[in-house]
Amino acid sequence: AVTLPDFAQIINSIIIRNDAVKFKGNRKQMIQELMLRLSKTDAPEKKVLHFLSLISLIGTEIYEESVVGRKIETSPTKRKVEQVRIYCECNYMRRIKLGDVANHIGMNVSSFCKFFLKNFGCTFTEYINRLRVNESCRRLRNSSDSVSEIAYSVGFTSVPYFNRIFS
């Protein structure tokens, strides 16, 4: 929703659902096909396309589904943790600031630092670096890009810092 504001309303309609959703008929088949394509596709641009198609299909028709199961209540803390996780995963490759994330969930920086450490078990910087290193490992295995290209593309600002964190 942060990266693609056009999808914010669709994503929010999915997020507010705490029930299990059962899709039927043609829509069920279309969702299954998109999920299968998504799992079999290696090209990142095609994965994004399939994912956006899937989100769009699920989100725009969500009110016509059958609901099974029972509603699961989510605590405000769990919701904030999930918001932070999604924000970080969508933005780790950018120059991400602690204040931006704190502001995103309606906290001041000091409170956010305590909240983050308590709920993630590490500092914000450690968490972002872990996301960047994990993506770097994936790209090193699956692409022919140079180490410096990968380091910069995942958000590191210098190759020496990347090397220090990667070790």
# chains A, B, ... in the order shown; residues from 1 in each chain; ligands from 1
call {"tool": "residues_around", "arguments": {"residues": "A:Asn103", "least_positions_apart": "5", "cutoff": "12 Å", "atoms": "only C-alpha atoms", "output": "short mmCIF file (atom, residue, chain, number, x, y, z; two decimals) with all heavy atoms, in the first residue's frame"}}
result
data_model
loop_
_atom_site.label_atom_id
_atom_site.label_comp_id
_atom_site.auth_asym_id
_atom_site.auth_seq_id
_atom_site.Cartn_x
_atom_site.Cartn_y
_atom_site.Cartn_z
N LYS A 80 0.54 -3.20 14.98
CA LYS A 80 1.67 -2.29 14.77
C LYS A 80 2.92 -3.05 14.33
O LYS A 80 3.64 -2.59 13.45
CB LYS A 80 1.97 -1.48 16.03
CG LYS A 80 1.00 -0.35 16.24
CD LYS A 80 1.41 0.53 17.40
CE LYS A 80 0.43 1.69 17.51
NZ LYS A 80 0.85 2.68 18.48
N GLN A 83 2.46 -3.81 10.73
CA GLN A 83 2.62 -2.60 9.93
C GLN A 83 4.10 -2.28 9.75
O GLN A 83 4.53 -1.93 8.65
CB GLN A 83 1.94 -1.40 10.60
CG GLN A 83 0.44 -1.36 10.46
CD GLN A 83 -0.11 -0.13 11.15
OE1 GLN A 83 0.09 0.07 12.35
NE2 GLN A 83 -0.81 0.70 10.40
N VAL A 84 4.87 -2.38 10.81
CA VAL A 84 6.30 -2.09 10.75
C VAL A 84 7.00 -3.10 9.84
O VAL A 84 7.83 -2.74 9.00
CB VAL A 84 6.94 -2.10 12.16
CG1 VAL A 84 8.46 -2.05 12.09
CG2 VAL A 84 6.41 -0.93 12.98
N TYR A 87 6.14 -2.34 6.24
CA TYR A 87 6.80 -1.09 5.82
C TYR A 87 8.28 -1.35 5.55
O TYR A 87 8.81 -0.90 4.53
CB TYR A 87 6.63 -0.03 6.90
CG TYR A 87 7.16 1.33 6.50
CD1 TYR A 87 6.33 2.26 5.91
CD2 TYR A 87 8.49 1.68 6.71
CE1 TYR A 87 6.79 3.51 5.53
CE2 TYR A 87 8.97 2.91 6.34
CZ TYR A 87 8.12 3.83 5.74
OH TYR A 87 8.60 5.05 5.37
N LYS A 97 14.47 5.93 7.19
CA LYS A 97 14.79 6.62 8.44
C LYS A 97 13.90 6.10 9.57
O LYS A 97 12.72 5.82 9.37
CB LYS A 97 14.58 8.13 8.29
CG LYS A 97 15.52 8.77 7.31
CD LYS A 97 15.24 10.26 7.22
CE LYS A 97 16.11 10.91 6.16
NZ LYS A 97 15.76 12.33 6.00
N LEU A 98 14.50 6.01 10.72
CA LEU A 98 13.80 5.56 11.91
C LEU A 98 12.56 6.41 12.16
O LEU A 98 11.48 5.88 12.45
CB LEU A 98 14.76 5.65 13.10
CG LEU A 98 14.35 5.07 14.42
CD1 LEU A 98 14.18 3.57 14.31
CD2 LEU A 98 15.39 5.40 15.47
N ASN A 108 6.48 8.34 18.62
CA ASN A 108 7.69 9.16 18.56
C ASN A 108 8.89 8.23 18.49
O ASN A 108 8.78 7.02 18.76
CB ASN A 108 7.77 10.15 19.73
CG ASN A 108 7.94 9.47 21.07
OD1 ASN A 108 8.74 8.56 21.23
ND2 ASN A 108 7.17 9.92 22.05
N VAL A 109 10.04 8.75 18.13
CA VAL A 109 11.22 7.92 17.88
C VAL A 109 11.66 7.16 19.12
O VAL A 109 11.98 5.96 19.05
CB VAL A 109 12.38 8.78 17.31
CG1 VAL A 109 13.67 7.98 17.20
CG2 VAL A 109 12.01 9.34 15.95
N SER A 110 11.66 7.80 20.26
CA SER A 110 12.09 7.15 21.50
C SER A 110 11.20 5.96 21.85
O SER A 110 11.69 4.85 22.14
CB SER A 110 12.08 8.17 22.64
OG SER A 110 12.42 7.55 23.85
N SER A 111 9.90 6.16 21.82
CA SER A 111 8.96 5.07 22.10
C SER A 111 9.07 3.97 21.06
O SER A 111 8.99 2.77 21.38
CB SER A 111 7.52 5.59 22.12
OG SER A 111 7.35 6.52 23.15
N PHE A 112 9.25 4.37 19.81
CA PHE A 112 9.36 3.39 18.74
C PHE A 112 10.58 2.49 18.94
O PHE A 112 10.50 1.28 18.74
CB PHE A 112 9.44 4.07 17.37
CG PHE A 112 9.64 3.13 16.23
CD1 PHE A 112 8.60 2.32 15.80
CD2 PHE A 112 10.88 3.00 15.62
CE1 PHE A 112 8.78 1.42 14.76
CE2 PHE A 112 11.07 2.12 14.58
CZ PHE A 112 10.02 1.33 14.15
N CYS A 113 11.71 3.08 19.32
CA CYS A 113 12.93 2.28 19.55
C CYS A 113 12.71 1.21 20.61
O CYS A 113 13.10 0.05 20.44
CB CYS A 113 14.10 3.17 19.94
SG CYS A 113 14.74 4.16 18.58
#
call {"tool": "closest_atom_pairs", "arguments": {"of": "stretch 33-116 of chain A", "to": "stretch 156-166 of chain A", "cutoff": "9 Å", "atoms": "only C-alpha atoms", "output": "Markdown table"}}
result
| residue | atom | partner | partner_atom | distance |
| --- | --- | --- | --- | --- |
| A:Met93 | CA | A:Phe156 | CA | 7.7 |
| A:Arg94 | CA | A:Phe156 | CA | 8.6 |
| A:Arg95 | CA | A:Phe156 | CA | 8.3 |
call {"tool": "closest_residue", "arguments": {"among": "A:Val81, A:Val133, A:Met35, A:Ala43", "to": "A:Gly121", "atoms": "only C-alpha atoms"}}
result
A:Val81
call {"tool": "closest_residue", "arguments": {"among": "A:Cys137, A:Val147, A:Ile58, A:Cys88", "to": "A:Ala102", "atoms": "only C-alpha atoms"}}
result
A:Cys88
call {"tool": "closest_residue", "arguments": {"among": "A:Lys24, A:Pro44, A:Lys118, A:Leu49", "to": "A:Arg139", "atoms": "only C-alpha atoms"}}
result
A:Pro44
